[in-house]
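S.K.: Below you'll find my_file29.cif; it's mmCIF, C-alpha atoms.
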```cif
data_upload
loop_
_atom_site.label_atom_id
_atom_site.label_comp_id
_atom_site.auth_asym_id
_atom_site.auth_seq_id
_atom_site.Cartn_x
_atom_site.Cartn_y
_atom_site.Cartn_z
CA MET M 1 19.45 88.77 161.85
CA LYS M 2 23.16 89.00 162.63
CA ILE M 3 25.82 86.50 161.57
CA ASP M 4 27.22 84.63 164.59
CA VAL M 5 30.97 84.90 163.85
CA ILE M 6 32.76 86.87 161.11
CA LEU M 7 36.49 86.68 160.33
CA ILE M 8 38.04 89.47 158.21
CA ASN M 9 41.46 90.65 157.04
CA PRO M 10 40.62 94.04 155.48
CA PRO M 11 42.87 96.09 153.15
CA TYR M 12 45.26 98.52 154.90
CA ALA M 13 45.03 101.93 153.22
CA ARG M 14 44.70 104.96 155.49
CA SER M 15 41.49 104.31 157.47
CA LEU M 16 39.95 101.90 154.96
CA HIS M 17 40.49 98.94 157.30
CA LEU M 18 38.45 100.73 159.98
CA LYS M 19 35.60 101.44 157.59
CA PHE M 20 35.49 97.74 156.75
CA LEU M 21 35.44 96.76 160.41
CA GLU M 22 32.79 99.36 161.18
CA LYS M 23 30.40 97.84 158.64
CA VAL M 24 31.12 94.24 159.62
CA ILE M 25 30.45 94.94 163.32
CA GLU M 26 26.96 96.03 162.32
CA ILE M 27 26.13 92.56 160.93
CA GLY M 28 28.11 90.24 163.23
CA ASN M 29 27.61 89.12 166.82
CA LYS M 30 31.31 88.32 167.09
CA VAL M 31 33.97 89.73 164.78
CA VAL M 32 37.64 88.76 164.58
CA SER M 33 39.81 91.04 162.47
CA ILE M 34 43.55 91.50 161.74
CA GLN M 35 44.40 95.20 161.49
CA PRO M 36 47.06 97.81 162.36
CA ILE M 37 47.29 98.89 166.01
CA ARG M 38 48.65 102.45 165.65
CA TRP M 39 45.22 104.11 165.50
CA LEU M 40 44.51 102.89 169.05
CA GLU M 41 47.93 103.89 170.42
CA ASP M 42 47.90 107.48 169.12
CA PRO M 43 45.21 108.96 171.42
CA LEU M 44 47.07 107.69 174.49
CA SER M 45 49.75 110.35 173.96
CA ASN M 46 47.12 113.15 174.01
CA TYR M 47 48.82 114.94 171.10
CA LYS M 48 46.09 114.65 168.50
CA LYS M 49 43.03 116.87 168.82
CA SER M 50 41.19 114.41 166.60
CA SER M 51 41.95 110.77 166.00
CA ASN M 52 40.49 107.68 164.40
CA TYR M 53 40.00 106.32 167.91
CA LYS M 54 37.47 109.12 168.55
CA LYS M 55 36.05 109.08 165.02
CA PHE M 56 35.21 105.38 165.30
CA GLU M 57 34.61 105.35 169.06
CA ASP M 58 30.92 104.40 168.95
CA SER M 59 31.12 102.09 165.94
CA ILE M 60 34.41 100.27 166.74
CA SER M 61 36.33 101.34 169.85
CA LYS M 62 33.49 100.60 172.28
CA HIS M 63 32.98 97.15 170.75
CA ILE M 64 36.54 95.84 171.11
CA ASN M 65 36.54 93.06 173.69
CA ASP M 66 40.19 91.97 173.46
CA ILE M 67 43.37 92.52 171.43
CA GLU M 68 46.33 90.26 170.66
CA ILE M 69 49.28 92.20 169.26
CA ILE M 70 51.34 90.77 166.38
CA ASN M 71 54.80 92.36 166.45
CA VAL M 72 56.74 93.36 163.35
CA GLU M 73 58.85 90.18 163.32
CA GLN M 74 55.71 88.03 163.37
CA VAL M 75 54.12 90.17 160.65
CA LYS M 76 57.10 89.46 158.42
CA LYS M 77 57.09 85.74 159.28
CA TYR M 78 53.37 85.10 158.87
CA PHE M 79 52.48 87.46 156.02
CA ASN M 80 55.84 88.09 154.31
CA ILE M 81 55.23 91.83 154.24
CA GLN M 82 57.15 94.78 155.63
CA LEU M 83 54.66 96.54 157.86
CA ASP M 84 54.30 97.97 161.33
CA LYS M 85 52.85 95.73 164.04
CA LEU M 86 49.31 94.45 163.62
CA ALA M 87 46.73 93.16 166.07
CA ILE M 88 43.98 90.58 166.17
CA TYR M 89 40.80 92.38 167.27
CA PHE M 90 38.01 90.51 169.01
CA CYS M 91 34.78 92.53 168.85
CA ASN M 92 31.28 92.04 170.18
CA GLU M 93 28.32 94.09 171.36
CA ASN M 94 29.63 94.60 174.91
CA GLY M 95 33.27 95.55 174.21
CA GLY M 96 35.13 96.27 177.43
CA TYR M 97 38.78 96.25 176.35
CA ASP M 98 41.12 98.03 178.80
CA TYR M 99 42.98 100.53 176.61
CA LYS M 100 45.30 101.47 179.45
CA SER M 101 47.14 98.22 178.79
CA LEU M 102 48.45 99.81 175.59
CA SER M 103 50.22 102.53 177.57
CA GLU M 104 51.57 100.61 180.55
CA ASN M 105 55.15 101.08 179.35
CA ASN M 106 56.75 103.18 182.12
CA ILE M 107 59.54 104.33 179.81
CA ILE M 108 57.09 105.91 177.38
CA LYS M 109 55.03 107.41 180.19
CA ASN M 110 58.10 109.25 181.52
CA VAL M 111 59.03 110.45 178.05
CA LEU M 112 55.50 111.64 177.21
CA ASN M 113 55.38 113.68 180.42
CA PHE M 114 58.66 115.31 179.43
CA LEU M 115 57.46 116.05 175.89
CA LYS M 116 54.47 118.04 177.13
CA ASN M 117 56.78 121.02 177.78
CA ASN M 118 59.81 120.31 175.58
CA HIS M 119 59.43 120.62 171.81
CA VAL M 120 62.18 120.92 169.22
CA ASN M 121 62.17 124.05 167.06
CA LEU M 122 62.05 122.77 163.49
CA GLU M 123 62.84 125.49 160.97
CA TYR M 124 61.78 125.55 157.34
CA ASN M 125 63.74 126.75 154.30
CA LYS M 126 66.77 128.00 156.25
CA LYS M 127 70.50 127.61 155.66
CA ASP M 128 72.27 129.96 158.10
CA GLY M 129 74.56 128.56 160.80
CA PHE M 130 75.06 124.95 161.86
CA ARG M 131 72.13 122.78 160.84
CA ILE M 132 71.02 119.16 160.62
CA ARG M 133 68.60 118.31 157.85
CA ILE M 134 65.47 116.46 159.03
CA PRO M 135 63.58 114.46 156.35
CA GLY M 136 59.81 114.39 156.01
CA PHE M 137 59.54 110.87 157.39
CA ILE M 138 62.02 110.00 159.99
CA CYS M 139 62.00 106.57 161.57
CA GLY M 140 60.71 103.05 161.52
CA ILE M 141 61.57 99.39 161.45
CA GLY M 142 62.21 97.34 158.35
CA ALA M 143 61.43 93.64 158.69
CA GLY M 144 63.74 92.79 155.79
CA SER M 145 62.55 91.81 152.34
CA GLY M 146 64.22 90.89 149.06
CA ASP M 147 67.79 92.17 149.09
CA ARG M 148 67.15 94.55 151.98
CA ALA M 149 68.41 93.61 155.41
CA PRO M 150 66.27 94.29 158.50
CA SER M 151 66.81 97.86 159.67
CA LEU M 152 66.01 99.74 162.82
CA ASP M 153 66.17 103.53 162.61
CA SER M 154 65.80 106.14 165.31
CA ILE M 155 65.67 109.20 163.07
CA GLN M 156 66.78 108.84 159.47
CA ILE M 157 69.40 111.58 159.23
CA LYS M 158 72.94 111.60 157.87
CA ASN M 159 75.99 112.03 160.07
CA ILE M 160 76.48 115.55 158.72
CA VAL M 161 76.22 119.01 160.25
CA PHE M 162 75.86 121.59 157.48
CA LYS M 163 77.37 125.07 157.80
CA ASP M 164 75.37 127.71 155.91
CA GLY M 165 73.81 124.93 153.83
CA LYS M 166 77.11 123.25 152.86
CA TYR M 167 79.46 120.48 153.96
CA ASN M 168 82.96 120.14 152.51
CA GLY M 169 82.09 122.69 149.86
CA LYS M 170 78.99 120.85 148.61
CA TRP M 171 75.37 121.88 149.07
CA TRP M 172 73.22 119.81 151.42
CA TYR M 173 71.13 118.30 148.58
CA GLU M 174 74.25 116.79 146.95
CA TYR M 175 74.39 114.27 149.80
CA TYR M 176 70.96 112.78 149.13
CA VAL M 177 69.49 110.47 146.50
CA LYS M 178 67.50 112.53 144.03
CA ASN M 179 64.12 111.87 142.46
CA GLN M 180 61.41 113.95 140.78
CA HIS M 181 60.39 115.44 144.15
CA SER M 182 63.89 116.38 145.35
CA LYS M 183 64.67 120.01 146.11
CA LYS M 184 67.88 121.73 145.02
CA THR M 185 67.57 125.01 146.85
CA GLU M 186 70.32 126.47 149.01
CA GLU M 187 67.87 126.53 151.89
CA ILE M 188 67.25 123.25 153.70
CA PRO M 189 63.52 122.33 153.64
CA ILE M 190 63.40 121.16 157.29
CA SER M 191 66.27 121.50 159.75
CA ILE M 192 67.36 122.01 163.35
CA LYS M 193 69.82 124.82 164.09
CA PHE M 194 72.62 124.49 166.65
CA ASP M 195 74.90 127.10 168.19
CA THR M 196 78.03 125.05 167.42
CA GLU M 197 79.05 122.19 165.15
CA LYS M 198 79.91 120.07 168.20
CA GLU M 199 76.35 120.37 169.55
CA GLY M 200 75.01 119.16 166.22
CA TYR M 201 77.18 116.06 166.28
CA ASN M 202 76.30 115.42 169.93
CA PHE M 203 72.64 115.44 168.86
CA ILE M 204 73.36 112.89 166.13
CA LYS M 205 75.18 110.64 168.61
CA SER M 206 72.29 110.92 171.07
CA ILE M 207 69.63 109.76 168.62
CA ASN M 208 71.68 106.66 167.82
CA THR M 209 71.75 105.44 171.41
CA ASP M 210 69.78 102.30 172.26
CA PHE M 211 67.45 104.40 174.43
CA MET M 212 66.52 106.75 171.60
CA ILE M 213 66.12 103.97 169.05
CA TYR M 214 63.75 102.15 171.40
CA VAL M 215 61.68 105.19 172.37
CA ASN M 216 61.43 106.71 168.89
CA ARG M 217 60.35 103.34 167.56
CA LEU M 218 57.35 103.37 169.91
CA LEU M 219 56.52 107.07 169.63
CA PHE M 220 56.67 107.57 165.87
CA ASP M 221 55.00 106.08 162.89
CA ARG M 222 56.81 107.10 159.71
CA SER M 223 55.79 110.77 159.65
CA LEU M 224 57.32 113.89 161.12
CA ASP M 225 55.93 115.17 164.41
CA ASN M 226 58.06 117.66 166.34
CA LYS M 227 55.90 117.20 169.45
CA ARG M 228 57.15 113.62 169.74
CA MET M 229 60.80 114.20 168.89
CA ILE M 230 62.84 113.97 172.10
CA TRP M 231 64.69 117.27 172.39
CA MET M 232 67.16 117.85 175.23
CA GLY M 233 68.20 121.31 174.05
CA ASN M 234 66.38 123.15 176.84
CA VAL M 235 67.38 121.01 179.84
CA LYS M 236 70.44 120.42 182.01
CA HIS M 237 72.62 117.42 181.33
CA PRO M 238 72.33 115.06 184.36
CA ARG M 239 76.04 114.19 184.35
CA THR M 240 77.74 117.48 183.45
CA GLY M 241 75.18 120.14 184.35
CA THR M 242 75.59 121.85 180.97
CA LYS M 243 72.57 122.87 178.92
CA GLY M 244 71.35 120.94 175.91
CA TYR M 245 73.86 119.23 173.65
CA LYS M 246 77.05 120.92 174.79
CA ASP M 247 78.03 117.44 176.02
CA GLU M 248 77.24 114.00 174.61
CA TRP M 249 74.15 112.14 175.86
CA THR M 250 74.77 108.43 176.48
CA ASN M 251 72.32 105.64 177.32
CA GLU M 252 73.23 106.07 180.99
CA ASP M 253 72.56 109.81 180.81
CA PHE M 254 69.09 109.20 179.39
CA TYR M 255 68.42 106.50 181.99
CA ASN M 256 69.34 108.93 184.77
CA PHE M 257 67.38 111.84 183.33
CA PHE M 258 64.18 109.86 182.69
CA LYS M 259 64.55 107.73 185.85
CA ILE M 260 64.63 104.42 183.97
CA ASP M 261 65.03 101.56 186.45
CA LYS M 262 67.04 98.36 185.91
CA ASP M 263 64.05 96.32 184.74
CA ASP M 264 63.13 98.87 182.08
CA GLN M 265 66.77 99.19 181.04
CA LYS M 266 66.75 95.45 180.42
CA THR M 267 63.59 95.86 178.33
CA ILE M 268 65.49 98.27 176.08
CA GLU M 269 68.56 96.05 175.93
CA ASP M 270 66.48 92.98 175.07
CA PHE M 271 64.66 94.89 172.33
CA ILE M 272 67.93 95.95 170.68
CA LYS M 273 69.50 92.51 171.14
CA SER M 274 66.48 90.78 169.59
CA PHE M 275 66.70 93.01 166.54
CA GLU M 276 70.46 92.52 166.17
CA ASN M 277 70.05 88.74 166.35
CA ARG M 278 67.41 88.88 163.64
CA ARG M 279 69.63 91.09 161.50
CA GLN M 280 72.61 88.73 161.86
CA GLN M 281 70.42 85.76 160.97
CA TRP M 282 69.26 87.56 157.83
CA TYR M 283 72.87 88.00 156.69
CA LYS M 284 73.64 84.33 157.41
CA ASP M 285 70.61 83.19 155.41
CA HIS M 286 71.48 85.43 152.46
CA ARG M 287 75.11 84.32 152.41
CA ARG M 288 73.92 80.73 152.10
CA SER M 289 71.64 81.64 149.21
#
```
Please lay out the structure from this file as C-alpha cells.

M.R.:
Amino acid sequence: MKIDVILINPPYARSLHLKFLEKVIEIGNKVVSIQPIRWLEDPLSNYKKSSNYKKFEDSISKHINDIEIINVEQVKKYFNIQLDKLAIYFCNENGGYDYKSLSENNIIKNVLNFLKNNHVNLEYNKKDGFRIRIPGFICGIGAGSGDRAPSLDSIQIKNIVFKDGKYNGKWWYEYYVKNQHSKKTEEIPISIKFDTEKEGYNFIKSINTDFMIYVNRLLFDRSLDNKRMIWMGNVKHPRTGTKGYKDEWTNEDFYNFFKIDKDDQKTIEDFIKSFENRRQQWYKDHRRS
C-alpha cells in the first residue's frame, strides 16, 4: 500500500537527491520534493550523450507532473545557502510535465543553434604566443553570504593576456592565489590562443558584456565545457565585417548577430538590473552592520 502524500527535501550531493526521489516515488501516490533543476535542463541542449534525465527517465522524469522553479535569490532568502536555482517537483503516477517549457527562452535557442558548429579551441599545457588562461570552473552566481557580496560572473578570468606564459615579466601562475593543487609550470594548464594581444583583450571585453553574462549564466553550471562557451573567433563581426575578435563585440553587436529582439533585450537588461539592485542592497545592509 502506497502512502498518499510524501514531502521530502533530500541531500544535494551529485545525484544523491535523485536516488532519494526515485525510491520515494515507489512508495508514494503523490510526492513533493525540493531539488536542483540543472539535471532537467542539461538534456535540452543535446550536448550530453548520457544524462541523469535519461538515467532516471522511467523512475523519475516520466512521473513529474509539474515544476515550480525557485531562483537563486529565493534560495538564498528561504534557505540561507549559496546554491544554484532549485525547483519544487510535484510527482505522481501519470506525470505529464511539458519539458519544453524549460527551453522556451528564445535567446538560448539562438545561441544553442550557433554553438552546434562553433566551438572554441581550448589548448592544454601551452605557453607560446598570446594566451588567456581559462580556469577549470568558469562561471556562476553567488547569492552572497558572510562577508562575501553577491557576485555574477560570466567567465572567471583575469584581465590579462599572457605573452609566452608571462605578463610584465612574471609567469602566469604568479597572478593567481595558490593552494596545494596550484601548478607552477611555465605552460598554462588550459588556455585560448590569439593571433594578437588586441584580440585577446577584445575577447575579455566581450565576455563581460551584459549579453554574455546572461547567456553564460544559463548555459553553464560551474564546470568547463568548451561546447557551451560562446566563441566568435570563426565568424564575421556584424558591424565591421572583420573576422573573430579583431574588433570589440558590444551588447548591440551580439544582439544583431543572434537576432535578439527588443523584448528579449529587455529580459537581459532586467536580469542584470535585478542583480545590481540586490548587490547594492547587500552593501547597504553590511554598512549598517

S.K.: Under the rule that only C-alpha atoms are counted, which of M:Phe162, M:Phe114, M:Phe203, M:Tyr167 is the nearest residue to Thr250 (chain M)?

M.R.: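 Result for the nearest residue to Thr250 (chain M): M:Phe203.
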
S.K.: Please evaluate the PyMOL selection byres ((chain M and resi 121-126) around 7) against the displayed coordinates and give the resulting residues as JSON, numbers by chain.

M.R.: {"M": [119, 120, 127, 128, 187, 188, 189, 190, 191, 192]}

S.K.: Which residue gives the smallest distance to Arg217 (chain M) among M:Asp264, M:Arg239, M:Gly233, M:Gln156, with all atoms listed in the file counted?

M.R.: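 Comparing M:Asp264, M:Arg239, M:Gly233, M:Gln156 against Arg217 (chain M), the winner is M:Gln156.
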
S.K.: Using only C-alpha atoms, give me every residue within 8 Å of (73.2, 122.9, 148.5) in file coordinates, as a ChimeraX atom specification.

M.R.: /M:165-166,170-174,184-188

S.K.: Please provide as an MDAnalysis selection string all residues within 10 Å of Phe20 (chain M), with the sequence filter that same-chain residues fewer than 2 positions apart are discarded (counting all atoms listed in the file).

M.R.: chainID M and resid 8:12 15:18 22:25 33

S.K.: Assuming 6 Å of padding per side, give the centre and edge lengths of the axis-aligned box around every listed atom of region 156-170 of chain M, in Å to one decimal and as JSON.

M.R.:
```
{"center_x": 74.9, "center_y": 118.3, "center_z": 154.4, "size_x": 28.2, "size_y": 30.9, "size_z": 23.6}
```

S.K.: So how far away is CA of Lys77 (chain M) from CA of Val31 (chain M), in Å?

M.R.: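 A separation of 24.1 Å between them.
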
S.K.: Set the distance at 8 Å and use all atoms listed in the file: which residues neighbour Leu115 (chain M) once local chain neighbours fewer than 6 positions away are removed? I'd like the list as a list in words.

M.R.: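 Near neighbours after the sequence-gap exclusion: Lys227, Arg228, Met229 and Ile230 of chain M.
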
S.K.: Restrict the selected residues to C-alpha atoms and save them as a CSV table (one decimal), in the frame of the given file.

M.R.:
```
chain,number,residue,atom,x,y,z
M,227,LYS,CA,55.9,117.2,169.4
M,228,ARG,CA,57.2,113.6,169.7
M,229,MET,CA,60.8,114.2,168.9
M,230,ILE,CA,62.8,114.0,172.1
```

S.K.: Which protein, DNA or RNA residues are at most 8 Å from (65.7, 113.9, 179.8) in the file's coordinates when you count all atoms listed in the file, listed as a PDB file with C-alpha atoms, in the frame of the given file?

M.R.:
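The resulting part-v6.pdb:
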```pdb
ATOM      1  CA  VAL M 111      59.030 110.450 178.050  1.00  0.00           C
ATOM      2  CA  PHE M 114      58.660 115.310 179.430  1.00  0.00           C
ATOM      3  CA  MET M 232      67.160 117.850 175.230  1.00  0.00           C
ATOM      4  CA  VAL M 235      67.380 121.010 179.840  1.00  0.00           C
ATOM      5  CA  HIS M 237      72.620 117.420 181.330  1.00  0.00           C
ATOM      6  CA  PHE M 254      69.090 109.200 179.390  1.00  0.00           C
ATOM      7  CA  ASN M 256      69.340 108.930 184.770  1.00  0.00           C
ATOM      8  CA  PHE M 257      67.380 111.840 183.330  1.00  0.00           C
ATOM      9  CA  PHE M 258      64.180 109.860 182.690  1.00  0.00           C
TER      10      PHE M 258
END
```
